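Chemist: So that you have it, the file is run_33.csv, and it contains CSV, C-alpha atoms:
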```
chain,number,residue,atom,x,y,z
A,1054,MET,CA,2.6,48.7,7.2
A,1055,LEU,CA,0.4,50.6,4.8
A,1056,SER,CA,-2.8,52.0,6.1
A,1057,ARG,CA,-6.0,50.9,4.5
A,1058,ALA,CA,-6.4,54.3,2.8
A,1059,ALA,CA,-2.9,54.2,1.4
A,1060,PHE,CA,-3.4,50.7,0.1
A,1061,LEU,CA,-6.6,51.7,-1.7
A,1062,ARG,CA,-4.8,54.7,-3.3
A,1063,LEU,CA,-2.0,52.4,-4.6
A,1064,LEU,CA,-4.2,49.6,-5.7
A,1065,PRO,CA,-5.3,51.0,-9.2
A,1066,ALA,CA,-1.7,51.7,-10.2
A,1067,ALA,CA,-0.7,48.1,-9.1
A,1068,LEU,CA,-3.5,46.6,-11.2
A,1069,GLY,CA,-2.7,48.8,-14.2
A,1070,ALA,CA,0.9,47.7,-14.1
A,1071,ALA,CA,-0.3,44.1,-14.3
A,1072,GLY,CA,-2.5,44.9,-17.3
A,1073,ILE,CA,-5.6,44.4,-15.2
A,1074,VAL,CA,-8.0,47.3,-14.8
A,1075,PRO,CA,-11.2,47.2,-12.7
A,1076,VAL,CA,-14.5,48.3,-14.3
A,1077,ALA,CA,-16.5,49.9,-11.6
A,1078,THR,CA,-20.3,49.4,-11.7
A,1079,ALA,CA,-23.1,50.7,-9.5
A,1080,GLN,CA,-24.6,47.2,-9.2
A,1081,ARG,CA,-21.8,45.2,-7.6
A,1082,ALA,CA,-19.2,45.9,-5.0
A,1083,SER,CA,-16.5,43.9,-6.6
A,1084,PRO,CA,-15.3,45.3,-10.0
A,1085,MET,CA,-14.7,43.0,-12.9
A,1086,LEU,CA,-11.1,42.8,-14.1
A,1087,THR,CA,-10.2,43.8,-17.6
A,1088,ARG,CA,-7.4,43.1,-20.0
A,1089,ARG,CA,-6.2,45.2,-22.9
A,1090,LEU,CA,-6.7,44.4,-26.6
A,1091,PRO,CA,-3.0,44.8,-27.6
A,1092,SER,CA,-3.7,46.2,-31.1
A,1093,SER,CA,-6.0,49.0,-30.0
A,1094,GLY,CA,-5.5,49.4,-26.2
A,1095,GLN,CA,-9.2,49.0,-25.6
A,1096,GLU,CA,-10.0,47.4,-22.2
A,1097,LEU,CA,-12.2,44.3,-22.2
A,1098,PRO,CA,-13.8,42.7,-19.1
A,1099,VAL,CA,-12.4,39.2,-18.7
A,1100,ILE,CA,-15.8,37.4,-18.6
A,1101,GLY,CA,-18.1,37.6,-21.6
A,1102,LEU,CA,-21.0,35.7,-23.0
A,1103,GLY,CA,-21.2,33.1,-25.8
A,1104,THR,CA,-24.5,32.7,-27.7
A,1105,TRP,CA,-24.1,29.3,-29.2
A,1106,ARG,CA,-27.2,27.2,-28.5
A,1107,GLY,CA,-28.4,29.4,-25.6
A,1108,PHE,CA,-29.5,32.4,-27.8
A,1109,ASP,CA,-30.9,30.2,-30.7
A,1110,VAL,CA,-34.5,30.6,-29.5
A,1111,GLY,CA,-36.2,32.3,-32.4
A,1112,ALA,CA,-39.3,34.4,-31.5
A,1113,ASP,CA,-40.1,32.5,-28.3
A,1114,PRO,CA,-41.2,35.4,-26.0
A,1115,ALA,CA,-40.5,33.5,-22.7
A,1116,ALA,CA,-37.0,32.5,-23.9
A,1117,ARG,CA,-36.3,36.1,-25.0
A,1118,ALA,CA,-37.4,37.5,-21.7
A,1119,ARG,CA,-35.0,35.1,-19.9
A,1120,LEU,CA,-32.2,36.1,-22.2
A,1121,THR,CA,-32.9,39.8,-21.6
A,1122,GLU,CA,-32.1,39.1,-18.0
A,1123,VAL,CA,-28.9,37.2,-19.0
A,1124,LEU,CA,-27.8,40.4,-20.8
A,1125,ARG,CA,-28.8,42.6,-17.8
A,1126,ALA,CA,-26.7,40.3,-15.6
A,1127,LEU,CA,-23.7,40.6,-17.9
A,1128,PHE,CA,-23.9,44.4,-18.0
A,1129,ASP,CA,-24.7,44.8,-14.3
A,1130,ALA,CA,-21.5,42.8,-13.5
A,1131,GLY,CA,-19.4,45.0,-15.7
A,1132,GLY,CA,-19.2,42.6,-18.7
A,1133,ARG,CA,-19.4,43.7,-22.3
A,1134,VAL,CA,-18.3,41.0,-24.7
A,1135,ILE,CA,-21.0,39.1,-26.6
A,1136,ASP,CA,-19.8,36.5,-29.1
A,1137,SER,CA,-22.0,35.1,-31.9
A,1138,SER,CA,-21.9,33.7,-35.4
A,1139,PRO,CA,-24.2,33.1,-38.4
A,1140,MET,CA,-23.6,29.4,-37.6
A,1141,TYR,CA,-25.6,29.8,-34.4
A,1142,GLY,CA,-29.2,29.7,-35.9
A,1143,SER,CA,-31.2,32.7,-34.7
A,1144,SER,CA,-28.6,33.8,-32.1
A,1145,GLU,CA,-27.5,37.0,-34.0
A,1146,ASP,CA,-31.2,38.0,-34.5
A,1147,VAL,CA,-32.0,37.5,-30.9
A,1148,ALA,CA,-29.0,39.2,-29.5
A,1149,GLY,CA,-29.5,42.2,-31.8
A,1150,ALA,CA,-33.1,42.6,-30.9
A,1151,LEU,CA,-32.5,42.3,-27.2
A,1152,LEU,CA,-29.6,44.8,-27.3
A,1153,THR,CA,-31.9,47.3,-29.1
A,1154,ALA,CA,-34.7,46.7,-26.6
A,1155,LEU,CA,-32.3,47.3,-23.7
A,1156,GLN,CA,-30.8,50.3,-25.5
A,1157,ALA,CA,-27.4,48.7,-24.7
A,1158,HIS,CA,-25.5,48.7,-28.0
A,1159,ASP,CA,-23.1,51.3,-26.7
A,1160,ARG,CA,-22.4,49.1,-23.6
A,1161,ALA,CA,-21.7,45.9,-25.6
A,1162,PHE,CA,-18.6,44.7,-27.4
A,1163,VAL,CA,-20.2,42.7,-30.2
A,1164,ALA,CA,-18.1,39.9,-31.8
A,1165,THR,CA,-19.4,37.7,-34.6
A,1166,LYS,CA,-18.0,35.7,-37.5
A,1167,VAL,CA,-17.9,35.0,-41.2
A,1168,TRP,CA,-18.5,31.3,-42.0
A,1169,THR,CA,-18.7,30.7,-45.7
A,1170,GLU,CA,-16.5,30.4,-48.8
A,1171,GLY,CA,-15.8,33.1,-51.4
A,1172,ARG,CA,-15.3,36.9,-51.2
A,1173,GLU,CA,-18.8,37.9,-52.3
A,1174,ALA,CA,-20.5,35.3,-50.2
A,1175,GLY,CA,-18.5,36.4,-47.2
A,1176,ILE,CA,-19.4,40.1,-47.7
A,1177,ALA,CA,-23.1,39.2,-48.0
A,1178,GLN,CA,-23.0,37.1,-44.9
A,1179,MET,CA,-21.3,39.8,-42.8
A,1180,GLU,CA,-23.7,42.5,-44.0
A,1181,THR,CA,-26.6,40.2,-43.0
A,1182,SER,CA,-24.9,39.7,-39.6
A,1183,MET,CA,-24.7,43.4,-39.1
A,1184,ARG,CA,-28.4,43.8,-39.9
A,1185,ARG,CA,-29.3,41.0,-37.6
A,1186,LEU,CA,-27.2,42.3,-34.7
A,1187,GLN,CA,-28.5,45.8,-35.4
A,1188,HIS,CA,-25.0,47.0,-34.9
A,1189,ALA,CA,-23.7,49.6,-37.3
A,1190,ARG,CA,-20.1,48.8,-36.6
A,1191,ILE,CA,-19.0,45.3,-35.4
A,1192,ASP,CA,-16.4,45.5,-32.7
A,1193,LEU,CA,-14.8,42.2,-33.7
A,1194,MET,CA,-15.3,40.2,-36.9
A,1195,GLN,CA,-13.7,36.8,-36.9
A,1196,VAL,CA,-13.1,34.1,-39.5
A,1197,HIS,CA,-15.1,31.2,-38.1
A,1198,ASN,CA,-13.1,27.9,-37.9
A,1199,LEU,CA,-10.6,29.3,-40.4
A,1200,VAL,CA,-13.0,28.7,-43.3
A,1201,ASP,CA,-11.5,30.4,-46.4
A,1202,TRP,CA,-9.4,32.6,-44.1
A,1203,ARG,CA,-7.1,34.1,-46.7
A,1204,THR,CA,-10.0,35.5,-48.7
A,1205,HIS,CA,-11.9,36.8,-45.7
A,1206,LEU,CA,-8.9,38.4,-44.0
A,1207,ASP,CA,-8.4,40.5,-47.1
A,1208,THR,CA,-11.9,41.7,-46.9
A,1209,LEU,CA,-11.7,42.3,-43.1
A,1210,ARG,CA,-8.5,44.4,-43.5
A,1211,ALA,CA,-10.4,46.6,-46.0
A,1212,TRP,CA,-13.4,46.8,-43.7
A,1213,LYS,CA,-11.2,47.8,-40.8
A,1214,ARG,CA,-9.7,50.6,-42.8
A,1215,GLU,CA,-13.2,51.8,-43.7
A,1216,GLY,CA,-14.3,51.7,-40.1
A,1217,ARG,CA,-17.0,49.0,-40.6
A,1218,ILE,CA,-15.3,46.8,-38.0
A,1219,ALA,CA,-12.9,47.7,-35.2
A,1220,HIS,CA,-10.9,44.5,-34.9
A,1221,LEU,CA,-10.4,41.3,-36.9
A,1222,GLY,CA,-9.6,37.8,-35.8
A,1223,ILE,CA,-9.6,34.0,-36.4
A,1224,THR,CA,-11.3,31.2,-34.5
A,1225,HIS,CA,-11.4,27.4,-34.0
A,1226,TYR,CA,-12.6,25.1,-31.2
A,1227,ARG,CA,-10.5,21.9,-31.7
A,1228,ASP,CA,-7.0,20.9,-30.7
A,1229,ASP,CA,-6.3,19.6,-34.2
A,1230,ALA,CA,-6.6,23.1,-35.5
A,1231,HIS,CA,-4.0,24.6,-33.2
A,1232,GLU,CA,-1.2,24.1,-35.6
A,1233,GLN,CA,-3.1,26.0,-38.3
A,1234,LEU,CA,-4.0,28.8,-35.9
A,1235,ASP,CA,-0.4,29.1,-35.1
A,1236,ALA,CA,0.6,29.3,-38.7
A,1237,VAL,CA,-2.0,32.0,-39.5
A,1238,MET,CA,-0.9,34.1,-36.5
A,1239,ARG,CA,2.7,33.9,-37.8
A,1240,ALA,CA,1.7,34.7,-41.4
A,1241,ASP,CA,-0.9,37.4,-40.9
A,1242,ALA,CA,-1.5,40.4,-38.6
A,1243,VAL,CA,-4.7,39.6,-36.6
A,1244,ASP,CA,-6.1,41.5,-33.6
A,1245,SER,CA,-7.5,38.4,-31.9
A,1246,VAL,CA,-7.6,34.6,-31.9
A,1247,GLN,CA,-10.3,32.4,-30.3
A,1248,PHE,CA,-9.7,28.8,-29.3
A,1249,ASN,CA,-10.6,26.2,-26.8
A,1250,TYR,CA,-8.8,26.1,-23.4
A,1251,SER,CA,-9.8,24.7,-20.1
A,1252,LEU,CA,-8.4,23.2,-16.9
A,1253,ASP,CA,-8.7,19.7,-18.3
A,1254,ASN,CA,-7.5,20.6,-21.8
A,1255,ARG,CA,-4.4,22.7,-21.5
A,1256,ALA,CA,-3.0,22.1,-25.0
A,1257,ALA,CA,-3.2,25.8,-25.8
A,1258,GLU,CA,-0.5,26.5,-23.1
A,1259,ALA,CA,2.1,24.8,-25.2
A,1260,ARG,CA,2.1,27.1,-28.3
A,1261,LEU,CA,-0.9,29.3,-28.9
A,1262,LEU,CA,-1.0,31.3,-25.6
A,1263,PRO,CA,2.8,32.0,-25.7
A,1264,LEU,CA,2.6,32.9,-29.4
A,1265,ALA,CA,-0.4,35.2,-28.9
A,1266,ALA,CA,1.4,37.0,-26.1
A,1267,ASP,CA,4.6,37.3,-28.2
A,1268,ARG,CA,2.8,38.7,-31.2
A,1269,GLY,CA,0.4,41.0,-29.3
A,1270,VAL,CA,-2.8,39.1,-30.2
A,1271,ALA,CA,-5.8,39.2,-27.9
A,1272,VAL,CA,-7.1,35.8,-26.9
A,1273,LEU,CA,-10.8,34.9,-26.5
A,1274,VAL,CA,-11.4,31.5,-25.0
A,1275,ASN,CA,-14.2,29.1,-25.9
A,1276,LEU,CA,-15.2,25.8,-24.2
A,1277,PRO,CA,-13.8,26.8,-20.8
A,1278,PHE,CA,-15.9,24.1,-19.2
A,1279,GLY,CA,-14.5,21.4,-21.5
A,1280,GLY,CA,-17.7,21.5,-23.6
A,1281,GLY,CA,-19.8,20.9,-20.4
A,1282,GLY,CA,-18.3,17.4,-19.8
A,1283,LEU,CA,-15.8,18.7,-17.2
A,1284,LEU,CA,-18.5,20.4,-15.1
A,1285,ARG,CA,-20.6,17.2,-15.2
A,1286,ARG,CA,-17.5,15.2,-14.0
A,1287,LEU,CA,-17.0,17.6,-11.1
A,1288,GLU,CA,-20.7,17.7,-10.0
A,1289,GLY,CA,-21.0,16.5,-6.5
A,1290,SER,CA,-17.3,16.8,-5.7
A,1291,PRO,CA,-16.6,19.0,-2.7
A,1292,LEU,CA,-14.7,22.3,-3.5
A,1293,PRO,CA,-11.1,22.3,-2.3
A,1294,ALA,CA,-10.4,24.5,0.7
A,1295,TRP,CA,-8.3,26.9,-1.4
A,1296,ALA,CA,-11.3,27.8,-3.6
A,1297,SER,CA,-12.6,30.4,-1.1
A,1298,GLU,CA,-9.1,32.0,-1.1
A,1299,ILE,CA,-9.7,33.1,-4.7
A,1300,GLY,CA,-13.4,34.0,-4.2
A,1301,CYS,CA,-14.9,30.8,-5.7
A,1302,ARG,CA,-18.1,29.2,-4.4
A,1303,THR,CA,-18.7,26.9,-7.3
A,1304,TRP,CA,-16.7,24.6,-9.6
A,1305,ALA,CA,-17.7,26.7,-12.6
A,1306,GLN,CA,-16.0,29.7,-11.0
A,1307,VAL,CA,-12.9,27.6,-10.3
A,1308,LEU,CA,-12.7,26.6,-14.0
A,1309,LEU,CA,-13.1,30.1,-15.2
A,1310,LYS,CA,-10.5,31.5,-12.7
A,1311,TYR,CA,-8.0,29.0,-14.1
A,1312,VAL,CA,-8.5,30.2,-17.6
A,1313,VAL,CA,-8.6,33.9,-16.8
A,1314,SER,CA,-5.5,33.7,-14.6
A,1315,HIS,CA,-3.3,32.9,-17.7
A,1316,PRO,CA,-1.8,36.3,-18.5
A,1317,ALA,CA,-2.2,35.8,-22.3
A,1318,VAL,CA,-6.0,35.4,-22.0
A,1319,THR,CA,-8.0,38.5,-22.7
A,1320,CYS,CA,-11.6,37.3,-22.3
A,1321,VAL,CA,-13.4,34.0,-21.8
A,1322,ILE,CA,-16.8,33.5,-23.3
A,1323,PRO,CA,-18.9,30.8,-21.6
A,1324,GLY,CA,-22.3,30.3,-23.1
A,1325,THR,CA,-25.4,30.4,-21.0
A,1326,SER,CA,-29.1,31.1,-21.2
A,1327,ARG,CA,-29.7,31.4,-17.5
A,1328,PRO,CA,-29.3,34.7,-15.6
A,1329,ASP,CA,-28.1,33.0,-12.4
A,1330,HIS,CA,-25.4,31.2,-14.3
A,1331,MET,CA,-24.4,34.5,-15.9
A,1332,ARG,CA,-24.0,36.1,-12.5
A,1333,GLU,CA,-22.1,33.1,-11.3
A,1334,ASN,CA,-19.7,33.3,-14.3
A,1335,ALA,CA,-19.2,37.0,-13.9
A,1336,GLU,CA,-18.1,36.6,-10.3
A,1337,ALA,CA,-15.1,34.6,-11.5
A,1338,GLY,CA,-13.9,37.8,-13.1
A,1339,THR,CA,-13.6,39.6,-9.8
A,1340,SER,CA,-11.4,39.4,-6.8
A,1341,VAL,CA,-7.9,37.7,-6.8
A,1342,LEU,CA,-6.6,35.3,-9.4
A,1343,PRO,CA,-4.6,32.2,-8.7
A,1344,ASP,CA,-0.9,32.4,-8.9
A,1345,ALA,CA,1.4,29.8,-10.6
A,1346,ALA,CA,1.5,27.6,-7.5
A,1347,LEU,CA,-2.2,27.6,-7.0
A,1348,ARG,CA,-2.7,26.9,-10.7
A,1349,ARG,CA,-0.7,23.7,-10.2
A,1350,ARG,CA,-2.9,22.8,-7.3
A,1351,MET,CA,-6.0,23.3,-9.4
A,1352,ILE,CA,-4.7,20.9,-12.0
A,1353,ALA,CA,-3.9,18.3,-9.3
A,1354,ALA,CA,-7.5,18.7,-7.9
A,1355,LEU,CA,-9.0,17.3,-11.1
A,1356,PRO,CA,-10.6,13.8,-10.4
```
Can the structure from this file be put into structure tokens for me?
Modeler:
Amino acid sequence: MLSRAAFLRLLPAALGAAGIVPVATAQRASPMLTRRLPSSGQELPVIGLGTWRGFDVGADPAARARLTEVLRALFDAGGRVIDSSPMYGSSEDVAGALLTALQAHDRAFVATKVWTEGREAGIAQMETSMRRLQHARIDLMQVHNLVDWRTHLDTLRAWKREGRIAHLGITHYRDDAHEQLDAVMRADAVDSVQFNYSLDNRAAEARLLPLAADRGVAVLVNLPFGGGGLLRRLEGSPLPAWASEIGCRTWAQVLLKYVVSHPAVTCVIPGTSRPDHMRENAEAGTSVLPDAALRRRMIAALP
């Protein structure tokens, strides 16, 4: 039997072999797990932050103060990924201003999107996003909902060569777009793909997740709570006994653990405007992940 000291010495190598690397932080005892971006080798913490709705607060000082604490909670937990879009109202402006106020641009992995038609319109929109986000180099620029994707991917490839962006990707949020996402991944080299995936909507397991793994494409997951409807459905239901075995104290953490435990998933980006929810979400990216047998039990536990 290994001694505790020997086990701790071997643990980092074992996690690295599985493609999962802890990010140590001073603020929490349990490190957040990370997954590699296949195209660059960069490590991303598995729990990030979506800004749709939650960061669309304009100049409201009270709302901005609360969102500052959301970002602190993300970074304190070892998280880095912040996903936005010009479609999300003032979210880019707010995220950029708060990152500057926190002097946290170097801690963040900023992802946003282009959501318009035409080359020149796309360039203008992306340059505006960079100004709003106050980020000189966007870590991930994505074609939002595949709008004019051929045109924008040409621009993004040039921007990547020039160093204006680090990674490029495509996104959608509906099941009926999965076939097109599949086709684009097969036709073009992209660094990442973002789509919907949750415990009660596992359509992505059939084709998109295996294809992303096969082609070395990072996966960002949106709508991990089924658009909120799944959490509402589970509200009031007792947690199964096995939840504590994987470090879950809430249904939200169970849902996030299911998504993160798929080996093709790089990062999940639940949106929130509450610091306590950010801390709760981040905890799902620590400790052990469910194995295949437990994943089946998680599916069976759905009411």
Chemist: Which neighbours of Ser1137 of chain A fall inside 7 Å, counting all atoms listed in the file, when residues of the same chain fewer than 4 positions from it are skipped, and could you give them as an mmCIF file with C-alpha atoms, keeping the file's coordinate frame?
Modeler:
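out.cif written:
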```cif
data_model
loop_
_atom_site.group_PDB
_atom_site.id
_atom_site.type_symbol
_atom_site.label_atom_id
_atom_site.label_comp_id
_atom_site.auth_asym_id
_atom_site.auth_seq_id
_atom_site.Cartn_x
_atom_site.Cartn_y
_atom_site.Cartn_z
ATOM 1 C CA GLY A 1103 -21.200 33.100 -25.800
ATOM 2 C CA THR A 1104 -24.500 32.700 -27.700
ATOM 3 C CA TRP A 1105 -24.100 29.300 -29.200
ATOM 4 C CA TYR A 1141 -25.600 29.800 -34.400
ATOM 5 C CA SER A 1144 -28.600 33.800 -32.100
ATOM 6 C CA GLU A 1145 -27.500 37.000 -34.000
ATOM 7 C CA ALA A 1164 -18.100 39.900 -31.800
ATOM 8 C CA THR A 1165 -19.400 37.700 -34.600
ATOM 9 C CA LYS A 1166 -18.000 35.700 -37.500
#
```
Chemist: Check the smallest atom-to-atom distance from each of A:Leu1284, A:Met1194, A:Val1274, A:Leu1342 to Glu1298 of chain A using only C-alpha atoms, then report the winner.
Modeler: A:Leu1342
Chemist: With all atoms listed in the file as the basis for distance, which of A:Thr1121, A:Ala1236, A:Val1321, A:Gln1306 is at the shortest distance from Asp1136 of chain A?
Modeler: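 Ranked by minimum distance to Asp1136 of chain A, first place goes to A:Val1321.
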Chemist: What separation in Å, quoted to one decimal, exists between atom CA of Leu1097 of chain A and atom CA of Gln1247 of chain A?
Modeler: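 Answer for the atom CA of Leu1097 of chain A to atom CA of Gln1247 of chain A separation: 14.5 Å.
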Chemist: Give me the residues within 12 Å of Met1183 of chain A as an MDAnalysis selection string, counting only C-alpha atoms and dropping any in the same chain fewer than 3 places off.
Modeler: chainID A and resid 1137:1139 1145:1146 1148:1150 1163:1167 1176:1180 1186:1194 1217:1218
Chemist: For the selection you just gave me, I'd like the residues written to a file as an mmCIF file, in the coordinates of the input, keeping C-alpha atoms.
Modeler:
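File produced: again22.cif:
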```cif
data_model
loop_
_atom_site.group_PDB
_atom_site.id
_atom_site.type_symbol
_atom_site.label_atom_id
_atom_site.label_comp_id
_atom_site.auth_asym_id
_atom_site.auth_seq_id
_atom_site.Cartn_x
_atom_site.Cartn_y
_atom_site.Cartn_z
ATOM 1 C CA SER A 1137 -22.000 35.100 -31.900
ATOM 2 C CA SER A 1138 -21.900 33.700 -35.400
ATOM 3 C CA PRO A 1139 -24.200 33.100 -38.400
ATOM 4 C CA GLU A 1145 -27.500 37.000 -34.000
ATOM 5 C CA ASP A 1146 -31.200 38.000 -34.500
ATOM 6 C CA ALA A 1148 -29.000 39.200 -29.500
ATOM 7 C CA GLY A 1149 -29.500 42.200 -31.800
ATOM 8 C CA ALA A 1150 -33.100 42.600 -30.900
ATOM 9 C CA VAL A 1163 -20.200 42.700 -30.200
ATOM 10 C CA ALA A 1164 -18.100 39.900 -31.800
ATOM 11 C CA THR A 1165 -19.400 37.700 -34.600
ATOM 12 C CA LYS A 1166 -18.000 35.700 -37.500
ATOM 13 C CA VAL A 1167 -17.900 35.000 -41.200
ATOM 14 C CA ILE A 1176 -19.400 40.100 -47.700
ATOM 15 C CA ALA A 1177 -23.100 39.200 -48.000
ATOM 16 C CA GLN A 1178 -23.000 37.100 -44.900
ATOM 17 C CA MET A 1179 -21.300 39.800 -42.800
ATOM 18 C CA GLU A 1180 -23.700 42.500 -44.000
ATOM 19 C CA LEU A 1186 -27.200 42.300 -34.700
ATOM 20 C CA GLN A 1187 -28.500 45.800 -35.400
ATOM 21 C CA HIS A 1188 -25.000 47.000 -34.900
ATOM 22 C CA ALA A 1189 -23.700 49.600 -37.300
ATOM 23 C CA ARG A 1190 -20.100 48.800 -36.600
ATOM 24 C CA ILE A 1191 -19.000 45.300 -35.400
ATOM 25 C CA ASP A 1192 -16.400 45.500 -32.700
ATOM 26 C CA LEU A 1193 -14.800 42.200 -33.700
ATOM 27 C CA MET A 1194 -15.300 40.200 -36.900
ATOM 28 C CA ARG A 1217 -17.000 49.000 -40.600
ATOM 29 C CA ILE A 1218 -15.300 46.800 -38.000
#
```
Chemist: Please, what distance in Å, to one decimal, runs between atom CA of Thr1087 of chain A and atom CA of Tyr1311 of chain A?
Modeler: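 For atom CA of Thr1087 of chain A relative to atom CA of Tyr1311 of chain A, the distance reads 15.4 Å.
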Chemist: Rounded to one decimal place, report the atom CA of Ser1245 of chain A-atom CA of Cys1320 of chain A distance in Å.
Modeler: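 Separation between atom CA of Ser1245 of chain A and atom CA of Cys1320 of chain A: 10.5 Å.
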Chemist: Can you tell me, as a PyMOL selection string, what residues are no more than 8 Å from Thr1169 of chain A when counting only C-alpha atoms, ignoring any on the same chain fewer than 6 positions away?
Modeler: chain A and resi 1175+1178+1200-1201
Chemist: Grab the residues selected above and save them as a PDB file, in the frame of the given file with C-alpha atoms.
Modeler:
```pdb
ATOM      1  CA  GLY A1175     -18.500  36.400 -47.200  1.00  0.00           C
ATOM      2  CA  GLN A1178     -23.000  37.100 -44.900  1.00  0.00           C
ATOM      3  CA  VAL A1200     -13.000  28.700 -43.300  1.00  0.00           C
ATOM      4  CA  ASP A1201     -11.500  30.400 -46.400  1.00  0.00           C
TER       5      ASP A1201
END
```
Chemist: Quick one: everything within 8 Å of segment 1322-1333 of chain A, counting only C-alpha atoms, minus sequence neighbours fewer than 3 positions away in the same chain. Send it as a ChimeraX atom specification.
Modeler: /A:1100-1108,1119-1120,1122-1124,1126-1127,1130,1134-1136,1273-1278,1305-1306,1336-1337
